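Inspection log for the structure reproduced underneath, given as C-alpha cells.
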Amino acid sequence: MTSPDLPAELRAALEAKLQGFSRSDATERAAAISKTYRDGGGSAAIRSSTDALAYALARMPATYAAVIASLNALCEIRADFEPSSLLDVGAGPGTATWAAAEVFSSLRSFALLDANDTLRALALDLARDSARLRSADYERGEARATLAKADAADLVVASYLIGELGEAEQQTVAALLWEKTRDTLLVVEPGAPAGYARIIALRERLIASGAHVAAPCPHDGRCPLAGPDWCHFTQRLQRSRAHKQLKGAELPYEDEKFSYVALTRQPINQRPFRVLAQPTVAKAEVTAKICTPDGLLITKVPRRDRESYAVARRWRWGDGLN
Ligand SMILES: C[S@@+](CC[C@H](N)C(=O)[O-])C[C@H]1O[C@@H](n2cnc3c(N)ncnc32)[C@H](O)[C@@H]1O
C-alpha cells in the first residue's frame, strides 16, 4: 500500500515554491479558489502563479490522496499490473502523475495534458528536480483536441477533470480517454452525489464499449445503489504546516471524499466485494454495507461467531473482501 501523503520530494518542491510568495496572498487566493469550487465553478479561476500555487497547496494533497487510494485498490486486484506509460489528462499541477509514479516503479514515460498554462508551468517547476518526472511531456490544450493527438498509454488517469467539462464534452472526452487506454483507465471525481453520477454515467458508457470494472465494483452490472445514496470513499491525509496555514485549519489531518472507477481492457477474474461505508461495530454484532455481484448486502456478523466477528471488526470503508 502506498502512503496517501505527498512524497517528500513533492512536499519539498511545494514548500520551496512558497518561499518566493506572500503567504497572505496565497491564503487569500486559496480561499477564493475554494469558494469558486464550492459554488460549482472550476479551475478557470486559476490565472496567476499565486493562484496555481494556492490551488496546489490547498487541494493537491487531497486529490493526490484520492488518486493513491484508488490506485491502491486497483493494485490489490491487479498485483501484476506494471504499466510503463502514463497519460494524465487534466493533469493540473501533475497530481496524478506524482501519485502514479509513486505507486508504479515500472512507469518510464509520463505524458500530461491540460488547458491551464499556469498550472502546467507550476507542474513543470515542481517536477524539475525529480529524476523520474523532469523529462515528462506536458502538452497545453483542450482535452478533446490534445487527447485526439496523444499516444495511447498503459495507464490513463483523469483526476477531478470530468466535472469541469460540459455534459456533451464529458461524453466525447470519456470515449477519447478509453480510446487512448491500452490497459487501464482510472477516473476520480469528488465524492459528492454529482461526482458519483458522472462516474456512473462514464462507467456505463464505457462498459458498453467493452470496458470491464476492476474497482471499486465487484461486477460490470448496474450500480445497485439508489438515490439519495451514492458510492464514495474517504481517505485521510496529514496536513503540513503550510497546508494548515493556507486553509486556516487547526486539525492536523483532513478526510477527502472521492468517487472513482478503474476500467480495464481485460476482464478481471476475481473481484473482491467492496465495503461501502464504515461498518458499525457494536457489542452484539458488526453491521456492514457491502457491494456484491448480486447486489447490495447489509451483513450482520454476530459476536457469538467469534472468528468471523474478529475479522469483521477490522473491516474498513473501501476495503475489498475476498
Ligand atoms: C480540479 S483540477 C484537477 C487537477 C489534477 N488532475 C488533480 O487531480 O489535482 C481540474 C483540471 O482540469 C483541467 N481542465 C478543465 N477543463 C479542461 C479541458 N477542457 N481541457 C483540458 N484540461 C481541462 C483544469 O485546467 C485543471 O487543471
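In the C-alpha cells, each chain is lettered A, B, ... as it comes, each chain's residues begin at 1, and ligands are numbered from 1 in order of appearance.
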List all protein, DNA and RNA residues that have an atom no more than 7 Å from any atom of ligand 1, counting only C-alpha atoms and all ligand atoms, and report them as a CSV table (one decimal) with N, CA, C and O atoms, in the first residue's frame.
```csv
chain,number,residue,atom,x,y,z
A,42,GLY,N,-14.9,26.0,-11.6
A,42,GLY,CA,-13.8,25.1,-11.8
A,42,GLY,C,-12.5,25.8,-11.7
A,42,GLY,O,-12.4,26.9,-11.2
A,43,SER,N,-11.5,25.2,-12.3
A,43,SER,CA,-10.1,25.8,-12.2
A,43,SER,C,-9.9,26.9,-13.2
A,43,SER,O,-8.7,27.4,-13.3
A,44,ALA,N,-10.9,27.4,-13.9
A,44,ALA,CA,-10.7,28.5,-14.8
A,44,ALA,C,-10.4,29.7,-13.9
A,44,ALA,O,-9.7,30.7,-14.4
A,59,ARG,N,-5.3,22.1,-2.4
A,59,ARG,CA,-6.1,20.9,-2.9
A,59,ARG,C,-5.2,19.7,-3.3
A,59,ARG,O,-5.7,18.6,-3.3
A,60,MET,N,-4.0,20.0,-3.8
A,60,MET,CA,-3.2,18.9,-4.3
A,60,MET,C,-3.0,17.7,-3.3
A,60,MET,O,-3.1,16.5,-3.7
A,63,THR,N,-6.3,15.7,-3.5
A,63,THR,CA,-6.6,14.9,-4.8
A,63,THR,C,-5.5,13.9,-4.9
A,63,THR,O,-5.8,12.8,-5.4
A,64,TYR,N,-4.3,14.1,-4.5
A,64,TYR,CA,-3.2,13.1,-4.5
A,64,TYR,C,-3.7,11.9,-3.7
A,64,TYR,O,-3.6,10.8,-4.1
A,89,VAL,N,-4.6,13.2,-17.8
A,89,VAL,CA,-5.5,14.2,-18.6
A,89,VAL,C,-6.2,15.1,-17.6
A,89,VAL,O,-6.8,14.7,-16.7
A,90,GLY,N,-6.0,16.4,-17.9
A,90,GLY,CA,-6.5,17.4,-16.9
A,90,GLY,C,-5.5,17.4,-15.7
A,90,GLY,O,-5.9,17.4,-14.6
A,91,ALA,N,-4.2,17.3,-16.1
A,91,ALA,CA,-3.2,17.0,-15.1
A,91,ALA,C,-3.0,18.1,-14.0
A,91,ALA,O,-2.5,17.8,-12.9
A,92,GLY,N,-3.4,19.3,-14.4
A,92,GLY,CA,-3.2,20.4,-13.4
A,92,GLY,C,-1.7,20.5,-13.0
A,92,GLY,O,-0.8,20.4,-13.8
A,93,PRO,N,-1.5,20.5,-11.6
A,93,PRO,CA,-0.1,20.6,-11.2
A,93,PRO,C,0.7,19.3,-11.2
A,93,PRO,O,1.8,19.2,-10.7
A,94,GLY,N,0.0,18.3,-11.8
A,94,GLY,CA,0.7,17.0,-12.0
A,94,GLY,C,0.4,16.0,-10.9
A,94,GLY,O,1.1,15.0,-10.7
A,95,THR,N,-0.7,16.2,-10.2
A,95,THR,CA,-1.0,15.4,-9.0
A,95,THR,C,-1.0,13.9,-9.3
A,95,THR,O,-0.4,13.1,-8.6
A,96,ALA,N,-1.8,13.5,-10.3
A,96,ALA,CA,-2.0,12.1,-10.6
A,96,ALA,C,-0.7,11.5,-11.1
A,96,ALA,O,-0.4,10.3,-10.9
A,113,LEU,N,-1.6,16.4,-20.0
A,113,LEU,CA,-2.3,17.3,-20.8
A,113,LEU,C,-3.2,18.2,-19.9
A,113,LEU,O,-3.8,17.7,-18.9
A,114,ASP,N,-3.2,19.5,-20.3
A,114,ASP,CA,-4.1,20.4,-19.5
A,114,ASP,C,-4.3,21.7,-20.3
A,114,ASP,O,-3.4,22.1,-21.1
A,115,ALA,N,-5.5,22.3,-20.1
A,115,ALA,CA,-5.8,23.6,-20.8
A,115,ALA,C,-5.2,24.8,-20.1
A,115,ALA,O,-5.0,25.9,-20.7
A,116,ASN,N,-4.8,24.6,-18.8
A,116,ASN,CA,-4.4,25.8,-18.0
A,116,ASN,C,-2.9,25.9,-18.0
A,116,ASN,O,-2.1,25.1,-17.4
A,119,LEU,N,-1.1,26.3,-14.4
A,119,LEU,CA,-0.9,25.0,-13.7
A,119,LEU,C,0.1,24.2,-14.4
A,119,LEU,O,0.9,23.5,-13.7
A,141,GLY,N,-3.4,22.4,-23.8
A,141,GLY,CA,-4.5,22.5,-24.8
A,141,GLY,C,-5.8,21.8,-24.2
A,141,GLY,O,-5.8,21.2,-23.2
A,142,GLU,N,-6.9,22.0,-24.9
A,142,GLU,CA,-8.2,21.5,-24.5
A,142,GLU,C,-8.1,20.0,-24.6
A,142,GLU,O,-7.5,19.4,-25.5
A,143,ALA,N,-8.8,19.3,-23.7
A,143,ALA,CA,-8.7,17.8,-23.5
A,143,ALA,C,-9.0,17.2,-24.9
A,143,ALA,O,-8.3,16.3,-25.3
A,144,ARG,N,-10.1,17.6,-25.5
A,144,ARG,CA,-10.6,16.9,-26.7
A,144,ARG,C,-9.5,16.9,-27.8
A,144,ARG,O,-9.2,15.9,-28.3
A,158,ALA,N,-7.7,10.4,-15.3
A,158,ALA,CA,-8.4,11.7,-15.3
A,158,ALA,C,-8.9,11.9,-13.9
A,158,ALA,O,-9.8,11.3,-13.4
A,159,SER,N,-8.1,12.8,-13.2
A,159,SER,CA,-8.4,13.0,-11.8
A,159,SER,C,-9.1,14.4,-11.6
A,159,SER,O,-8.4,15.4,-11.9
A,160,TYR,N,-10.3,14.4,-11.1
A,160,TYR,CA,-11.0,15.6,-10.9
A,160,TYR,C,-11.1,16.5,-12.1
A,160,TYR,O,-11.1,17.7,-12.0
A,161,LEU,N,-11.2,15.9,-13.3
A,161,LEU,CA,-11.4,16.6,-14.6
A,161,LEU,C,-12.8,16.6,-15.1
A,161,LEU,O,-13.3,17.7,-15.5
A,164,GLU,N,-15.4,19.3,-14.7
A,164,GLU,CA,-15.1,20.6,-15.2
A,164,GLU,C,-15.5,20.7,-16.6
A,164,GLU,O,-15.4,21.8,-17.3
A,165,LEU,N,-16.1,19.7,-17.2
A,165,LEU,CA,-16.5,19.7,-18.6
A,165,LEU,C,-18.0,19.8,-18.7
A,165,LEU,O,-18.7,19.3,-17.9
```
Selection: 10 Å around Gly40 of chain A, only C-alpha atoms, excl. self and same-chain fewer than 5 positions, as a ChimeraX atom specification: /A:34-35,163-164
Residue subset to file, keeping C-alpha atoms, as an mmCIF file, in the first residue's frame:
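As a result, part-v6.cif now contains:
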```cif
data_model
loop_
_atom_site.group_PDB
_atom_site.id
_atom_site.type_symbol
_atom_site.label_atom_id
_atom_site.label_comp_id
_atom_site.auth_asym_id
_atom_site.auth_seq_id
_atom_site.Cartn_x
_atom_site.Cartn_y
_atom_site.Cartn_z
ATOM 1 C CA SER A 34 -12.050 27.070 -2.696
ATOM 2 C CA LYS A 35 -15.148 29.276 -2.760
ATOM 3 C CA GLY A 163 -16.734 17.637 -13.521
ATOM 4 C CA GLU A 164 -15.109 20.633 -15.186
#
```
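Omitting Arg265 of chain A and its sequence neighbours fewer than 3 positions away, and counting only C-alpha atoms, the residues within 7 Å are A:Asp183, A:Thr184, A:Ala211, A:His212.
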For those residues, write N, CA and C atoms to a file as a CSV table (one decimal), in the first residue's frame.
```
chain,number,residue,atom,x,y,z
A,183,ASP,N,-4.4,-0.4,-21.4
A,183,ASP,CA,-4.7,-1.4,-20.4
A,183,ASP,C,-5.8,-0.9,-19.3
A,184,THR,N,-5.5,0.2,-18.6
A,184,THR,CA,-6.3,0.6,-17.5
A,184,THR,C,-6.6,2.1,-17.5
A,211,ALA,N,-15.4,-2.1,-21.9
A,211,ALA,CA,-14.6,-2.0,-20.7
A,211,ALA,C,-15.1,-2.9,-19.6
A,212,HIS,N,-14.2,-3.3,-18.7
A,212,HIS,CA,-14.5,-4.1,-17.5
A,212,HIS,C,-14.1,-3.3,-16.3
```
Separation of atom CA of Gly221 of chain A from atom CA of Thr264 of chain A, in Å and rounded to one decimal: 14.7 Å
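If only C-alpha atoms are the atoms counted, then among A:Ala249, A:Ala26, A:Val261, A:Ala201 the closest residue to His232 of chain A is A:Val261.
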Atom pair atom CA of Pro228 of chain A / atom CA of Pro193 of chain A: separation (Å): 8.0 Å
Helix (DSSP H, G or I) positions in segment 2-130 of chain A, given as a PyMOL selection string: chain A and resi 8-19+23-38+43-45+49-77+95-103+117-126
Closest-contact table, segment 223-317 of chain A side, partner segment 47-57 of chain A, 8 Å, counting only C-alpha atoms, as a Markdown table:
```
| residue | atom | partner | partner_atom | distance |
| --- | --- | --- | --- | --- |
| A:Ala242 | CA | A:Leu57 | CA | 7.4 |
| A:His243 | CA | A:Leu57 | CA | 5.8 |
| A:Leu246 | CA | A:Leu57 | CA | 7.4 |
```
Closest of A:Arg271, A:Arg314, A:Lys300, A:Arg11 to Cys75 of chain A - atom-to-atom distances counting only C-alpha atoms: A:Arg271
Spatial neighbours of Val157 of chain A, max dist 12 Å, only C-alpha atoms, sep filter under 6 positions, as a PyMOL selection string: chain A and resi 67-68+70-71+85-91+94-100+110-113+174+176-178+180-189+260-263
Test item, strand (DSSP E) assignment across segment 80-321 of chain A, answer as a ChimeraX atom specification: /A:85-89,109-114,137-140,153-159,181-190,212-215,233-238,253-264,273-275,280-281,285-292,295-302,320-321
